file target.pdb (PDB, C-alpha atoms)
MODEL        1
ATOM      1  CA  MET A   1      61.804  71.136 106.454  1.00  0.00           C
ATOM      2  CA  TYR A   2      64.164  71.727 103.567  1.00  0.00           C
ATOM      3  CA  ASN A   3      63.638  74.640 101.211  1.00  0.00           C
ATOM      4  CA  VAL A   4      65.690  76.635  98.733  1.00  0.00           C
ATOM      5  CA  VAL A   5      65.078  80.339  99.231  1.00  0.00           C
ATOM      6  CA  ARG A   6      65.808  82.689  96.363  1.00  0.00           C
ATOM      7  CA  VAL A   7      67.508  85.929  97.397  1.00  0.00           C
ATOM      8  CA  GLY A   8      67.961  87.975  94.263  1.00  0.00           C
ATOM      9  CA  ASP A   9      69.925  85.753  91.889  1.00  0.00           C
ATOM     10  CA  LYS A  10      71.177  83.470  94.684  1.00  0.00           C
ATOM     11  CA  GLU A  11      69.537  80.237  95.742  1.00  0.00           C
ATOM     12  CA  ILE A  12      70.126  79.525  99.428  1.00  0.00           C
ATOM     13  CA  PRO A  13      69.345  76.063 100.784  1.00  0.00           C
ATOM     14  CA  MET A  14      67.769  76.214 104.240  1.00  0.00           C
ATOM     15  CA  LEU A  15      66.987  73.418 106.635  1.00  0.00           C
ATOM     16  CA  ALA A  16      64.643  73.814 109.602  1.00  0.00           C
ATOM     17  CA  MET A  17      64.756  71.097 112.213  1.00  0.00           C
ATOM     18  CA  ALA A  18      63.885  71.266 115.895  1.00  0.00           C
ATOM     19  CA  SER A  19      67.529  71.925 116.725  1.00  0.00           C
ATOM     20  CA  VAL A  20      67.717  75.240 114.824  1.00  0.00           C
ATOM     21  CA  ASP A  21      66.204  76.953 117.866  1.00  0.00           C
ATOM     22  CA  VAL A  22      69.044  75.586 120.007  1.00  0.00           C
ATOM     23  CA  TYR A  23      71.675  76.735 117.512  1.00  0.00           C
ATOM     24  CA  TYR A  24      70.006  80.144 117.315  1.00  0.00           C
ATOM     25  CA  LYS A  25      70.243  80.445 121.105  1.00  0.00           C
ATOM     26  CA  GLN A  26      73.916  79.433 121.099  1.00  0.00           C
ATOM     27  CA  ILE A  27      74.826  81.891 118.348  1.00  0.00           C
ATOM     28  CA  PHE A  28      72.747  84.912 119.328  1.00  0.00           C
ATOM     29  CA  ARG A  29      72.418  84.387 123.097  1.00  0.00           C
ATOM     30  CA  GLU A  30      68.645  84.710 123.105  1.00  0.00           C
ATOM     31  CA  ASP A  31      65.969  82.065 123.331  1.00  0.00           C
ATOM     32  CA  PRO A  32      63.908  82.173 120.112  1.00  0.00           C
ATOM     33  CA  ILE A  33      60.892  80.539 121.742  1.00  0.00           C
ATOM     34  CA  ALA A  34      60.822  83.040 124.632  1.00  0.00           C
ATOM     35  CA  LEU A  35      61.476  85.872 122.195  1.00  0.00           C
ATOM     36  CA  GLN A  36      58.493  84.948 120.026  1.00  0.00           C
ATOM     37  CA  ALA A  37      56.272  84.574 123.090  1.00  0.00           C
ATOM     38  CA  SER A  38      57.185  87.997 124.490  1.00  0.00           C
ATOM     39  CA  GLU A  39      54.687  90.846 124.373  1.00  0.00           C
ATOM     40  CA  GLY A  40      57.070  93.062 122.411  1.00  0.00           C
ATOM     41  CA  PHE A  41      57.449  90.553 119.575  1.00  0.00           C
ATOM     42  CA  ASP A  42      55.668  92.243 116.689  1.00  0.00           C
ATOM     43  CA  ALA A  43      56.298  92.840 112.997  1.00  0.00           C
ATOM     44  CA  GLY A  44      59.237  95.103 113.847  1.00  0.00           C
ATOM     45  CA  ALA A  45      60.888  92.353 115.883  1.00  0.00           C
ATOM     46  CA  MET A  46      60.035  89.666 113.341  1.00  0.00           C
ATOM     47  CA  ILE A  47      62.330  91.073 110.640  1.00  0.00           C
ATOM     48  CA  PRO A  48      65.633  90.875 112.573  1.00  0.00           C
ATOM     49  CA  PHE A  49      64.572  87.533 114.050  1.00  0.00           C
ATOM     50  CA  MET A  50      63.927  86.032 110.610  1.00  0.00           C
ATOM     51  CA  GLU A  51      67.151  87.542 109.239  1.00  0.00           C
ATOM     52  CA  ARG A  52      69.069  85.698 111.938  1.00  0.00           C
ATOM     53  CA  MET A  53      67.030  82.508 111.703  1.00  0.00           C
ATOM     54  CA  GLY A  54      67.633  82.465 107.939  1.00  0.00           C
ATOM     55  CA  PHE A  55      71.365  82.460 108.643  1.00  0.00           C
ATOM     56  CA  VAL A  56      71.031  79.589 111.116  1.00  0.00           C
ATOM     57  CA  MET A  57      68.931  77.511 108.724  1.00  0.00           C
ATOM     58  CA  ALA A  58      71.274  78.238 105.789  1.00  0.00           C
ATOM     59  CA  LYS A  59      74.337  77.217 107.779  1.00  0.00           C
ATOM     60  CA  PHE A  60      72.505  74.147 109.092  1.00  0.00           C
ATOM     61  CA  ALA A  61      71.701  73.091 105.521  1.00  0.00           C
ATOM     62  CA  GLU A  62      75.287  73.473 104.316  1.00  0.00           C
ATOM     63  CA  CYS A  63      76.988  72.043 107.406  1.00  0.00           C
ATOM     64  CA  LYS A  64      78.196  68.481 107.039  1.00  0.00           C
ATOM     65  CA  ASP A  65      79.752  68.480 110.509  1.00  0.00           C
ATOM     66  CA  ARG A  66      77.270  69.674 113.128  1.00  0.00           C
ATOM     67  CA  LYS A  67      80.178  70.617 115.408  1.00  0.00           C
ATOM     68  CA  ALA A  68      80.898  73.443 112.984  1.00  0.00           C
ATOM     69  CA  MET A  69      77.526  74.940 113.952  1.00  0.00           C
ATOM     70  CA  LEU A  70      78.937  75.485 117.435  1.00  0.00           C
ATOM     71  CA  GLN A  71      81.672  77.713 115.980  1.00  0.00           C
ATOM     72  CA  LEU A  72      79.225  80.214 114.458  1.00  0.00           C
ATOM     73  CA  ASN A  73      78.766  83.627 116.027  1.00  0.00           C
ATOM     74  CA  GLU A  74      77.335  87.064 115.298  1.00  0.00           C
ATOM     75  CA  GLU A  75      80.425  88.012 113.316  1.00  0.00           C
ATOM     76  CA  ALA A  76      79.860  85.041 110.995  1.00  0.00           C
ATOM     77  CA  PHE A  77      76.233  86.163 110.643  1.00  0.00           C
ATOM     78  CA  LEU A  78      77.292  89.685 109.644  1.00  0.00           C
ATOM     79  CA  ASP A  79      79.809  88.317 107.135  1.00  0.00           C
ATOM     80  CA  TRP A  80      77.094  86.113 105.630  1.00  0.00           C
ATOM     81  CA  LEU A  81      74.600  88.972 105.547  1.00  0.00           C
ATOM     82  CA  ASP A  82      77.139  91.221 103.805  1.00  0.00           C
ATOM     83  CA  GLY A  83      77.073  88.776 100.886  1.00  0.00           C
ATOM     84  CA  LEU A  84      73.401  89.528 100.263  1.00  0.00           C
ATOM     85  CA  GLU A  85      71.599  92.567  98.957  1.00  0.00           C
ATOM     86  CA  ARG A  86      69.554  94.040 101.794  1.00  0.00           C
ATOM     87  CA  ALA A  87      66.337  94.670  99.861  1.00  0.00           C
ATOM     88  CA  GLU A  88      66.476  91.252  98.210  1.00  0.00           C
ATOM     89  CA  TYR A  89      66.905  89.507 101.561  1.00  0.00           C
ATOM     90  CA  ILE A  90      64.055  91.488 103.122  1.00  0.00           C
ATOM     91  CA  ASN A  91      61.856  90.453 100.183  1.00  0.00           C
ATOM     92  CA  ALA A  92      62.793  86.794 100.755  1.00  0.00           C
ATOM     93  CA  LEU A  93      61.982  86.812 104.488  1.00  0.00           C
ATOM     94  CA  ALA A  94      58.462  85.486 103.913  1.00  0.00           C
ATOM     95  CA  ASP A  95      60.019  82.361 102.379  1.00  0.00           C
ATOM     96  CA  VAL A  96      62.501  82.163 105.257  1.00  0.00           C
ATOM     97  CA  GLN A  97      59.620  82.352 107.721  1.00  0.00           C
ATOM     98  CA  ALA A  98      57.635  79.710 105.829  1.00  0.00           C
ATOM     99  CA  THR A  99      60.645  77.406 105.964  1.00  0.00           C
ATOM    100  CA  TYR A 100      61.102  77.979 109.692  1.00  0.00           C
ATOM    101  CA  GLU A 101      57.435  77.465 110.478  1.00  0.00           C
ATOM    102  CA  GLY A 102      57.252  74.436 108.200  1.00  0.00           C
ATOM    103  CA  GLN A 103      59.074  72.381 110.768  1.00  0.00           C
ATOM    104  CA  ALA A 104      55.923  72.395 112.885  1.00  0.00           C
ATOM    105  CA  LEU A 105      53.548  71.425 110.088  1.00  0.00           C
ATOM    106  CA  PRO A 106      52.318  67.827 110.122  1.00  0.00           C
ATOM    107  CA  THR A 107      53.651  65.791 107.236  1.00  0.00           C
ATOM    108  CA  ALA A 108      51.285  62.825 107.548  1.00  0.00           C
ATOM    109  CA  ALA A 109      47.955  62.944 105.787  1.00  0.00           C
ATOM    110  CA  SER A 110      44.967  63.240 108.049  1.00  0.00           C
ATOM    111  CA  LYS A 111      43.126  60.007 108.688  1.00  0.00           C
ATOM    112  CA  LYS A 112      39.853  61.797 109.280  1.00  0.00           C
ATOM    113  CA  ASN A 113      37.278  61.829 106.543  1.00  0.00           C
ATOM    114  CA  ASN A 114      36.733  65.540 105.950  1.00  0.00           C
ATOM    115  CA  ALA A 115      34.068  65.042 103.283  1.00  0.00           C
ATOM    116  CA  GLU A 116      31.014  67.250 103.472  1.00  0.00           C
ATOM    117  CA  PRO A 117      27.898  65.407 104.558  1.00  0.00           C
ATOM    118  CA  SER A 118      25.520  64.966 101.668  1.00  0.00           C
ATOM    119  CA  GLU A 119      22.046  66.397 101.861  1.00  0.00           C
ATOM    120  CA  ALA A 120      19.186  63.960 101.482  1.00  0.00           C
TER     121      ALA A 120
ENDMDL
END

call {"tool": "encode", "arguments": {"input": "target.pdb", "output": "structure tokens"}}
result
Amino acid sequence: MYNVVRVGDKEIPMLAMASVDVYYKQIFREDPIALQASEGFDAGAMIPFMERMGFVMAKFAECKDRKAMLQLNEEAFLDWLDGLERAEYINALADVQATYEGQALPTAASKKNNAEPSEA
């Protein structure tokens, strides 16, 4: 899913594909799927996770050469984060999360007829 997330006065393109989880794991050395499934993953853990995932999706959207994704690390994340206002990025995390979760949403229209049965 492609989305442009507004962080303050900046518009940040983000791209969520199935591979962003793999890139996240390579960059941050933690499995995002296992992390989200863990018992300790709550609202407090969601914020730093989405901050990092936003970075991965932003870099994925801007990267023309996917090999460059393999060069990213936590230092690059911190440099990127330093270019954003903290409060503005926190306020944009709902849009970051929607972009990330959008990759799992079906894009095809349902073939079922969901019309309400008429009363006779």

call {"tool": "closest_atom_pairs", "arguments": {"input": "target.pdb", "of": "segment 24-75 of chain A", "to": "segment 89-102 of chain A", "cutoff": "9 Å", "atoms": "all atoms listed in the file", "output": "JSON lines"}}
result
{"residue": "A:Ile47", "atom": "CA", "partner": "A:Leu93", "partner_atom": "CA", "distance": 7.5}
{"residue": "A:Met50", "atom": "CA", "partner": "A:Gln97", "partner_atom": "CA", "distance": 6.4}
{"residue": "A:Glu51", "atom": "CA", "partner": "A:Leu93", "partner_atom": "CA", "distance": 7.1}
{"residue": "A:Met53", "atom": "CA", "partner": "A:Tyr100", "partner_atom": "CA", "distance": 7.7}
{"residue": "A:Gly54", "atom": "CA", "partner": "A:Val96", "partner_atom": "CA", "distance": 5.8}
{"residue": "A:Met57", "atom": "CA", "partner": "A:Tyr100", "partner_atom": "CA", "distance": 7.9}

call {"tool": "residues_around", "arguments": {"input": "target.pdb", "residues": "Asp9 of chain A", "least_positions_apart": "2", "cutoff": "12 Å", "atoms": "all atoms listed in the file", "output": "list in words"}}
result
Val5, Arg6, Val7, Glu11, Ile12, Gly83, Leu84, Glu85, Glu88, Tyr89 and Ala92 of chain A

call {"tool": "write_last_selection", "arguments": {"input": "target.pdb", "atoms": "C-alpha atoms", "output": "mmCIF file, in the coordinates of the input"}}
result
data_model
loop_
_atom_site.group_PDB
_atom_site.id
_atom_site.type_symbol
_atom_site.label_atom_id
_atom_site.label_comp_id
_atom_site.auth_asym_id
_atom_site.auth_seq_id
_atom_site.Cartn_x
_atom_site.Cartn_y
_atom_site.Cartn_z
ATOM 1 C CA VAL A 5 65.078 80.339 99.231
ATOM 2 C CA ARG A 6 65.808 82.689 96.363
ATOM 3 C CA VAL A 7 67.508 85.929 97.397
ATOM 4 C CA GLU A 11 69.537 80.237 95.742
ATOM 5 C CA ILE A 12 70.126 79.525 99.428
ATOM 6 C CA GLY A 83 77.073 88.776 100.886
ATOM 7 C CA LEU A 84 73.401 89.528 100.263
ATOM 8 C CA GLU A 85 71.599 92.567 98.957
ATOM 9 C CA GLU A 88 66.476 91.252 98.210
ATOM 10 C CA TYR A 89 66.905 89.507 101.561
ATOM 11 C CA ALA A 92 62.793 86.794 100.755
#

call {"tool": "closest_residue", "arguments": {"input": "target.pdb", "among": "A:Val56, A:Ala61, A:Ala76, A:Ala68", "to": "Val22 of chain A", "atoms": "all atoms listed in the file"}}
result
A:Val56

call {"tool": "residues_near_point", "arguments": {"input": "target.pdb", "point": "(67.0, 76.0, 119.8)", "cutoff": "12 Å", "atoms": "all atoms listed in the file", "output": "PDB file with C-alpha atoms, in the coordinates of the input"}}
result
ATOM      1  CA  ALA A  16      64.643  73.814 109.602  1.00  0.00           C
ATOM      2  CA  MET A  17      64.756  71.097 112.213  1.00  0.00           C
ATOM      3  CA  ALA A  18      63.885  71.266 115.895  1.00  0.00           C
ATOM      4  CA  SER A  19      67.529  71.925 116.725  1.00  0.00           C
ATOM      5  CA  VAL A  20      67.717  75.240 114.824  1.00  0.00           C
ATOM      6  CA  ASP A  21      66.204  76.953 117.866  1.00  0.00           C
ATOM      7  CA  VAL A  22      69.044  75.586 120.007  1.00  0.00           C
ATOM      8  CA  TYR A  23      71.675  76.735 117.512  1.00  0.00           C
ATOM      9  CA  TYR A  24      70.006  80.144 117.315  1.00  0.00           C
ATOM     10  CA  LYS A  25      70.243  80.445 121.105  1.00  0.00           C
ATOM     11  CA  GLN A  26      73.916  79.433 121.099  1.00  0.00           C
ATOM     12  CA  ILE A  27      74.826  81.891 118.348  1.00  0.00           C
ATOM     13  CA  PHE A  28      72.747  84.912 119.328  1.00  0.00           C
ATOM     14  CA  ARG A  29      72.418  84.387 123.097  1.00  0.00           C
ATOM     15  CA  GLU A  30      68.645  84.710 123.105  1.00  0.00           C
ATOM     16  CA  ASP A  31      65.969  82.065 123.331  1.00  0.00           C
ATOM     17  CA  PRO A  32      63.908  82.173 120.112  1.00  0.00           C
ATOM     18  CA  ILE A  33      60.892  80.539 121.742  1.00  0.00           C
ATOM     19  CA  ALA A  34      60.822  83.040 124.632  1.00  0.00           C
ATOM     20  CA  LEU A  35      61.476  85.872 122.195  1.00  0.00           C
ATOM     21  CA  MET A  53      67.030  82.508 111.703  1.00  0.00           C
ATOM     22  CA  VAL A  56      71.031  79.589 111.116  1.00  0.00           C
ATOM     23  CA  MET A  57      68.931  77.511 108.724  1.00  0.00           C
ATOM     24  CA  TYR A 100      61.102  77.979 109.692  1.00  0.00           C
TER      25      TYR A 100
END

call {"tool": "closest_residue", "arguments": {"input": "target.pdb", "among": "A:Ala58, A:Ala37, A:Ala45, A:Met69", "to": "Asn3 of chain A", "atoms": "only C-alpha atoms"}}
result
A:Ala58

call {"tool": "atom_distance", "arguments": {"input": "target.pdb", "atom1": "atom CA of Pro48 of chain A", "atom2": "atom CA of Arg66 of chain A"}}
result
24.2 Å

call {"tool": "atom_distance", "arguments": {"input": "target.pdb", "atom1": "atom CA of Phe41 of chain A", "atom2": "atom CA of Tyr2 of chain A"}}
result
25.6 Å

call {"tool": "axis_aligned_box", "arguments": {"input": "target.pdb", "around": "segment 58-62 of chain A", "padding_each_side": "8 Å", "output": "JSON"}}
result
{"center_x": 73.3, "center_y": 75.7, "center_z": 106.7, "size_x": 20.0, "size_y": 21.1, "size_z": 20.8}

call {"tool": "atom_distance", "arguments": {"input": "target.pdb", "atom1": "atom CA of Cys63 of chain A", "atom2": "atom CA of Val4 of chain A"}}
result
15.0 Å

call {"tool": "closest_residue", "arguments": {"input": "target.pdb", "among": "A:Phe55, A:Asp65, A:Met1, A:Gln36", "to": "Leu81 of chain A", "atoms": "only C-alpha atoms"}}
result
A:Phe55
